[in-house]
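The file upload04.cif comes next; it holds mmCIF, C-alpha atoms.
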```
data_data
loop_
_atom_site.group_PDB
_atom_site.id
_atom_site.type_symbol
_atom_site.label_atom_id
_atom_site.label_comp_id
_atom_site.auth_asym_id
_atom_site.auth_seq_id
_atom_site.Cartn_x
_atom_site.Cartn_y
_atom_site.Cartn_z
ATOM 1 C CA MET A 472 21.975 40.852 -55.793
ATOM 2 C CA GLN A 473 22.381 37.701 -57.810
ATOM 3 C CA ALA A 474 20.607 35.764 -55.052
ATOM 4 C CA LEU A 475 17.608 38.079 -55.255
ATOM 5 C CA ARG A 476 17.343 37.640 -59.000
ATOM 6 C CA ASN A 477 17.422 33.851 -58.655
ATOM 7 C CA GLN A 478 14.578 33.937 -56.184
ATOM 8 C CA ASP A 479 12.413 36.007 -58.470
ATOM 9 C CA ARG A 480 12.975 33.869 -61.580
ATOM 10 C CA PRO A 481 10.269 31.253 -60.954
ATOM 11 C CA VAL A 482 7.738 34.047 -60.653
ATOM 12 C CA GLU A 483 9.020 35.776 -63.789
ATOM 13 C CA SER A 484 8.859 32.563 -65.774
ATOM 14 C CA GLY A 485 5.286 31.948 -64.670
ATOM 15 C CA THR A 486 5.959 28.866 -62.633
ATOM 16 C CA LEU A 487 5.213 28.937 -59.002
ATOM 17 C CA THR A 488 6.901 26.565 -56.685
ATOM 18 C CA ILE A 489 4.553 25.323 -53.966
ATOM 19 C CA ALA A 490 6.152 24.157 -50.779
ATOM 20 C CA GLN A 491 5.033 20.639 -49.889
ATOM 21 C CA PRO A 492 4.076 19.930 -46.267
ATOM 22 C CA HIS A 493 5.959 17.282 -44.346
ATOM 23 C CA SER A 494 4.894 13.809 -45.221
ATOM 24 C CA GLY A 495 2.606 12.011 -42.711
ATOM 25 C CA ALA A 496 5.344 9.489 -41.965
ATOM 26 C CA ASN A 497 7.505 12.163 -40.351
ATOM 27 C CA VAL A 498 4.710 13.750 -38.309
ATOM 28 C CA ARG A 499 3.425 10.548 -36.723
ATOM 29 C CA PRO A 500 6.680 9.518 -34.932
ATOM 30 C CA LYS A 501 7.159 13.062 -33.669
ATOM 31 C CA SER A 502 3.663 13.115 -32.196
ATOM 32 C CA TRP A 503 4.164 9.717 -30.542
ATOM 33 C CA ARG A 504 7.432 10.913 -29.062
ATOM 34 C CA ALA A 505 5.691 13.988 -27.669
ATOM 35 C CA ILE A 506 2.868 11.904 -26.212
ATOM 36 C CA THR A 507 5.315 9.411 -24.708
ATOM 37 C CA TYR A 508 7.418 12.197 -23.260
ATOM 38 C CA ARG A 509 4.393 13.903 -21.678
ATOM 39 C CA ALA A 510 2.996 10.624 -20.317
ATOM 40 C CA SER A 511 6.368 9.715 -18.811
ATOM 41 C CA LEU A 512 6.697 13.149 -17.256
ATOM 42 C CA LEU A 513 3.174 12.944 -15.825
ATOM 43 C CA ALA A 514 3.842 9.471 -14.389
ATOM 44 C CA LEU A 515 7.071 10.708 -12.809
ATOM 45 C CA LEU A 516 5.296 13.691 -11.243
ATOM 46 C CA VAL A 517 2.516 11.483 -9.836
ATOM 47 C CA LEU A 518 5.079 9.051 -8.427
ATOM 48 C CA ALA A 519 7.033 11.908 -6.854
ATOM 49 C CA ALA A 520 3.859 13.340 -5.311
ATOM 50 C CA LEU A 521 2.881 9.950 -3.873
ATOM 51 C CA THR A 522 6.349 9.418 -2.475
ATOM 52 C CA TRP A 523 6.363 12.883 -0.933
ATOM 53 C CA THR A 524 3.010 12.358 0.800
ATOM 54 C CA GLN A 525 3.933 8.907 2.131
ATOM 55 C CA CYS A 526 7.340 9.792 3.517
ATOM 56 C CA ASP A 527 7.713 11.118 7.010
ATOM 57 C CA PHE A 528 10.488 13.696 6.821
ATOM 58 C CA SER A 529 10.096 14.835 10.403
ATOM 59 C CA GLY A 530 12.219 12.019 11.811
ATOM 60 C CA ARG A 531 9.658 11.366 14.532
ATOM 61 C CA GLU A 532 9.278 7.841 15.807
ATOM 62 C CA ILE A 533 5.992 6.088 15.125
ATOM 63 C CA PRO A 534 3.904 5.912 18.315
ATOM 64 C CA ASP A 535 3.409 2.566 19.991
ATOM 65 C CA TRP A 536 0.112 0.736 19.418
ATOM 66 C CA LYS A 537 -0.154 -0.693 22.972
ATOM 67 C CA PRO A 538 -1.459 2.476 24.711
ATOM 68 C CA VAL A 539 -3.988 3.015 21.913
ATOM 69 C CA LEU A 540 -5.345 -0.513 22.323
ATOM 70 C CA ALA A 541 -5.489 -0.021 26.104
ATOM 71 C CA LEU A 542 -7.629 3.079 25.525
ATOM 72 C CA ALA A 543 -9.796 1.071 23.135
ATOM 73 C CA ASP A 544 -10.317 -1.627 25.776
ATOM 74 C CA THR A 545 -11.314 1.057 28.282
ATOM 75 C CA ALA A 546 -13.743 2.648 25.820
ATOM 76 C CA GLN A 547 -15.280 -0.740 25.126
ATOM 77 C CA GLU A 548 -15.737 -1.420 28.842
ATOM 78 C CA LYS A 549 -17.489 1.949 29.208
ATOM 79 C CA GLY A 550 -19.838 1.091 26.335
ATOM 80 C CA ASP A 551 -18.491 3.608 23.812
ATOM 81 C CA LEU A 552 -18.268 1.048 20.999
ATOM 82 C CA TYR A 553 -17.829 3.514 18.133
ATOM 83 C CA TYR A 554 -14.833 5.159 19.819
ATOM 84 C CA ALA A 555 -13.437 1.751 20.783
ATOM 85 C CA LYS A 556 -13.621 0.531 17.178
ATOM 86 C CA SER A 557 -11.887 3.655 15.895
ATOM 87 C CA LEU A 558 -9.124 3.193 18.476
ATOM 88 C CA TYR A 559 -8.673 -0.477 17.584
ATOM 89 C CA LEU A 560 -8.343 0.471 13.923
ATOM 90 C CA LYS A 561 -5.891 3.256 14.810
ATOM 91 C CA GLY A 562 -3.848 0.779 16.834
ATOM 92 C CA GLY A 563 -3.856 -1.515 13.815
ATOM 93 C CA ARG A 564 -2.539 1.304 11.604
ATOM 94 C CA LEU A 565 0.245 2.023 14.082
ATOM 95 C CA ALA A 566 1.138 -1.677 14.149
ATOM 96 C CA VAL A 567 1.268 -1.682 10.326
ATOM 97 C CA TRP A 568 3.609 1.306 10.340
ATOM 98 C CA ARG A 569 5.827 -0.477 12.865
ATOM 99 C CA ASP A 570 5.665 -3.814 10.996
ATOM 100 C CA ASP A 571 4.392 -5.481 14.171
ATOM 101 C CA TRP A 572 2.270 -8.563 13.539
ATOM 102 C CA ALA A 573 1.450 -8.935 17.248
ATOM 103 C CA GLY A 574 -0.098 -5.451 17.322
ATOM 104 C CA LEU A 575 -2.186 -6.288 14.268
ATOM 105 C CA LEU A 576 -3.325 -9.512 15.912
ATOM 106 C CA ALA A 577 -4.248 -7.656 19.115
ATOM 107 C CA ALA A 578 -6.184 -5.029 17.123
ATOM 108 C CA ALA A 579 -8.002 -7.798 15.245
ATOM 109 C CA CYS A 580 -8.930 -9.369 18.564
ATOM 110 C CA GLY A 581 -10.483 -6.099 19.747
ATOM 111 C CA ILE A 582 -12.366 -5.600 16.490
ATOM 112 C CA LYS A 583 -13.593 -9.208 16.634
ATOM 113 C CA LYS A 584 -15.337 -8.444 19.933
ATOM 114 C CA LEU A 585 -17.171 -5.487 18.361
ATOM 115 C CA GLU A 586 -18.105 -6.754 14.911
ATOM 116 C CA ARG A 587 -21.398 -8.515 14.463
ATOM 117 C CA GLU A 588 -20.800 -9.757 10.952
ATOM 118 C CA ARG A 589 -17.864 -11.939 10.132
ATOM 119 C CA GLY A 590 -16.623 -12.878 6.737
ATOM 120 C CA PRO A 591 -13.965 -12.238 4.155
ATOM 121 C CA TYR A 592 -14.696 -8.485 4.021
ATOM 122 C CA SER A 593 -14.733 -7.788 7.753
ATOM 123 C CA SER A 594 -12.241 -5.536 9.497
ATOM 124 C CA THR A 595 -11.111 -8.528 11.566
ATOM 125 C CA ASN A 596 -10.139 -10.462 8.448
ATOM 126 C CA ALA A 597 -8.411 -7.427 6.959
ATOM 127 C CA LEU A 598 -6.284 -6.992 10.085
ATOM 128 C CA LEU A 599 -5.488 -10.716 10.215
ATOM 129 C CA LEU A 600 -4.416 -10.749 6.573
ATOM 130 C CA ARG A 601 -2.198 -7.749 7.193
ATOM 131 C CA ALA A 602 -0.750 -9.532 10.254
ATOM 132 C CA MET A 603 -0.007 -12.529 8.023
ATOM 133 C CA VAL A 604 1.806 -10.355 5.477
ATOM 134 C CA THR A 605 3.795 -8.612 8.206
ATOM 135 C CA ALA A 606 4.757 -11.883 9.912
ATOM 136 C CA GLU A 607 5.824 -13.344 6.591
ATOM 137 C CA LYS A 608 7.826 -10.223 5.762
ATOM 138 C CA ARG A 609 9.631 -10.520 9.099
ATOM 139 C CA GLN A 610 9.993 -14.289 8.577
ATOM 140 C CA SER A 611 8.241 -14.887 11.876
ATOM 141 C CA ARG A 612 7.267 -18.513 12.306
ATOM 142 C CA LEU A 613 5.576 -17.661 15.600
ATOM 143 C CA GLY A 614 3.602 -14.845 13.951
ATOM 144 C CA LEU A 615 2.247 -17.030 11.158
ATOM 145 C CA VAL A 616 1.266 -19.753 13.632
ATOM 146 C CA ALA A 617 -0.596 -17.154 15.732
ATOM 147 C CA VAL A 618 -2.406 -15.786 12.658
ATOM 148 C CA ALA A 619 -3.327 -19.316 11.541
ATOM 149 C CA LYS A 620 -4.725 -20.008 15.020
ATOM 150 C CA ALA A 621 -6.817 -16.828 14.781
ATOM 151 C CA PHE A 622 -8.248 -17.809 11.385
ATOM 152 C CA ALA A 623 -9.010 -21.299 12.690
ATOM 153 C CA ALA A 624 -10.842 -19.785 15.670
ATOM 154 C CA LEU A 625 -12.989 -17.818 13.208
ATOM 155 C CA GLY A 626 -13.830 -21.057 11.391
ATOM 156 C CA ASP A 627 -11.626 -20.358 8.374
ATOM 157 C CA ASP A 628 -9.659 -23.608 8.430
ATOM 158 C CA GLU A 629 -8.701 -23.374 4.749
ATOM 159 C CA VAL A 630 -7.231 -19.918 5.270
ATOM 160 C CA ALA A 631 -5.442 -21.145 8.401
ATOM 161 C CA SER A 632 -3.763 -23.950 6.465
ATOM 162 C CA MET A 633 -2.840 -21.503 3.695
ATOM 163 C CA VAL A 634 -1.211 -19.229 6.286
ATOM 164 C CA LEU A 635 0.775 -22.144 7.697
ATOM 165 C CA SER A 636 1.964 -23.043 4.201
ATOM 166 C CA HIS A 637 3.757 -19.678 4.022
ATOM 167 C CA ILE A 638 6.186 -20.613 6.795
ATOM 168 C CA GLY A 639 9.687 -20.901 5.405
ATOM 169 C CA LYS A 640 11.672 -24.002 6.204
ATOM 170 C CA ASN A 641 14.864 -22.056 6.849
ATOM 171 C CA TRP A 642 13.344 -19.387 9.102
ATOM 172 C CA VAL A 643 15.065 -18.990 12.448
ATOM 173 C CA GLU A 644 12.901 -19.174 15.576
ATOM 174 C CA GLU A 645 12.464 -15.750 17.161
ATOM 175 C CA THR A 646 13.592 -15.065 20.690
ATOM 176 C CA ASN A 647 12.588 -11.434 21.204
ATOM 177 C CA ASP A 648 9.192 -11.385 19.498
ATOM 178 C CA SER A 649 6.238 -9.585 21.025
ATOM 179 C CA ALA A 650 3.943 -12.635 20.992
ATOM 180 C CA ASP A 651 3.314 -12.343 24.747
ATOM 181 C CA ILE A 652 1.407 -9.109 24.073
ATOM 182 C CA VAL A 653 -1.292 -10.856 22.027
ATOM 183 C CA SER A 654 -4.550 -11.126 23.921
ATOM 184 C CA PRO A 655 -4.602 -14.523 25.598
ATOM 185 C CA GLY A 656 -7.805 -16.488 25.106
ATOM 186 C CA CYS A 657 -9.025 -14.273 22.290
ATOM 187 C CA TRP A 658 -8.552 -16.833 19.556
ATOM 188 C CA ASP A 659 -9.667 -19.946 21.410
ATOM 189 C CA LYS A 660 -12.476 -21.824 19.716
#
```

Write out the structure in this file as structure tokens.
Amino acid sequence: MQALRNQDRPVESGTLTIAQPHSGANVRPKSWRAITYRASLLALLVLAALTWTQCDFSGREIPDWKPVLALADTAQEKGDLYYAKSLYLKGGRLAVWRDDWAGLLAAACGIKKLERERGPYSSTNALLLRAMVTAEKRQSRLGLVAVAKAFAALGDDEVASMVLSHIGKNWVEETNDSADIVSPGCWDK
């Protein structure tokens, strides 16, 4: 009862106590923490979604690129250039998934035969650059030399020398590389 009387006293005395809102200094850090928390959570969810879509949980082996490029060669011989180009690009994707620079080089060779325009934005250059990255990742001296030869055949001597500059001095020479698969005579000047 005493507690009730104490609560009523300010009203009885004519003074009214007004509750003050939190100062702005306390609200601002709380709002930044909430924004940071939500942004971090959103970034984590996006990263998880991207990881989920890129991972192959089936355990299936990635198909080989060689039969796809053989089909592309056949389509090109029959005159179906659109289908041939799509098969060469599919073979290139399979070679990327397998980290196989020779497959990328072979796909670039097929695309080179079909493309009219050459230049830094062509599909041939894109496949050759990807072959360079894959060969460098695998520390393949033979792969980088083959990619440099391809760029030189296209007239990109500066790019060819840049590719050769990426060869590591301590890289071991490969013995079981798939360089014999690369189309012979494709990159001759």

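Between Val604 in chain A and the residues A:Pro591, A:Ala621, A:Ile638, A:Cys580, the shortest atom-to-atom distance, using all atoms listed in the file, involves A:Ile638.
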
Tell me, in Å to one decimal, how far CA of Asn596 in chain A is from CA of Leu635 in chain A.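 CA of Asn596 in chain A sits 16.0 Å away from CA of Leu635 in chain A.
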
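Between CA of Leu576 in chain A and CA of Ala602 in chain A the interatomic distance comes to 6.2 Å.
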
Which residues would end up in the selection if the PyMOL selection byres ((chain A and resi 542-546) around 10) were applied here, given that I need the answer as a compact mmCIF listing (two decimals) with C-alpha atoms, in the coordinates of the input?
```txt
# COMPACT_ATOMS: atom_id res chain seq x y z
CA LYS A 537 -0.15 -0.69 22.97
CA PRO A 538 -1.46 2.48 24.71
CA VAL A 539 -3.99 3.02 21.91
CA LEU A 540 -5.34 -0.51 22.32
CA ALA A 541 -5.49 -0.02 26.10
CA GLN A 547 -15.28 -0.74 25.13
CA GLU A 548 -15.74 -1.42 28.84
CA LYS A 549 -17.49 1.95 29.21
CA GLY A 550 -19.84 1.09 26.34
CA ASP A 551 -18.49 3.61 23.81
CA LEU A 552 -18.27 1.05 21.00
CA TYR A 553 -17.83 3.51 18.13
CA TYR A 554 -14.83 5.16 19.82
CA ALA A 555 -13.44 1.75 20.78
CA LYS A 556 -13.62 0.53 17.18
CA SER A 557 -11.89 3.66 15.90
CA LEU A 558 -9.12 3.19 18.48
CA TYR A 559 -8.67 -0.48 17.58
CA LEU A 560 -8.34 0.47 13.92
CA LYS A 561 -5.89 3.26 14.81
CA GLY A 562 -3.85 0.78 16.83
CA ALA A 578 -6.18 -5.03 17.12
CA GLY A 581 -10.48 -6.10 19.75
CA ILE A 582 -12.37 -5.60 16.49
```

Using the chain letters and residue numbers of this document, give as a list in words the residues selected by the PyMOL selection byres ((chain A and resi 606) around 10). Asp570, Asp571, Trp572, Ala573, Leu575, Leu600, Arg601, Ala602, Met603, Val604, Thr605, Glu607, Lys608, Arg609, Gln610, Ser611, Arg612, Leu613, Gly614, Leu615, Val616, Ala617, Val618, His637 and Ile638 of chain A

Can you tell me how far CA of Ala619 in chain A sits from CA of Val634 in chain A, in Å to one decimal? 5.7 Å

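Selection by the PyMOL selection byres ((chain A and resi 533) around 8) on the present file picks out Arg531, Glu532, Pro534, Asp535, Leu565, Trp568 and Arg569 of chain A.
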
Could you check which of A:Ala514, A:Ala597, A:Arg589, A:Ser636 is closest to Arg564 in chain A, using all atoms listed in the file?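 Using all atoms listed in the file, Arg564 in chain A sits closest to A:Ala597.
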
Tell me which of A:Thr595, A:Thr522, A:Ser632, A:Ser511 sits closest to Lys583 in chain A, counting only C-alpha atoms.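 Residue with the minimum atom-to-atom distance to Lys583 in chain A: A:Thr595.
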
Near Gly574 in chain A, within 7 Å and counting only C-alpha atoms, which residues show up once chain neighbours fewer than 5 positions away are dropped, as a ChimeraX atom specification? /A:536,563,566
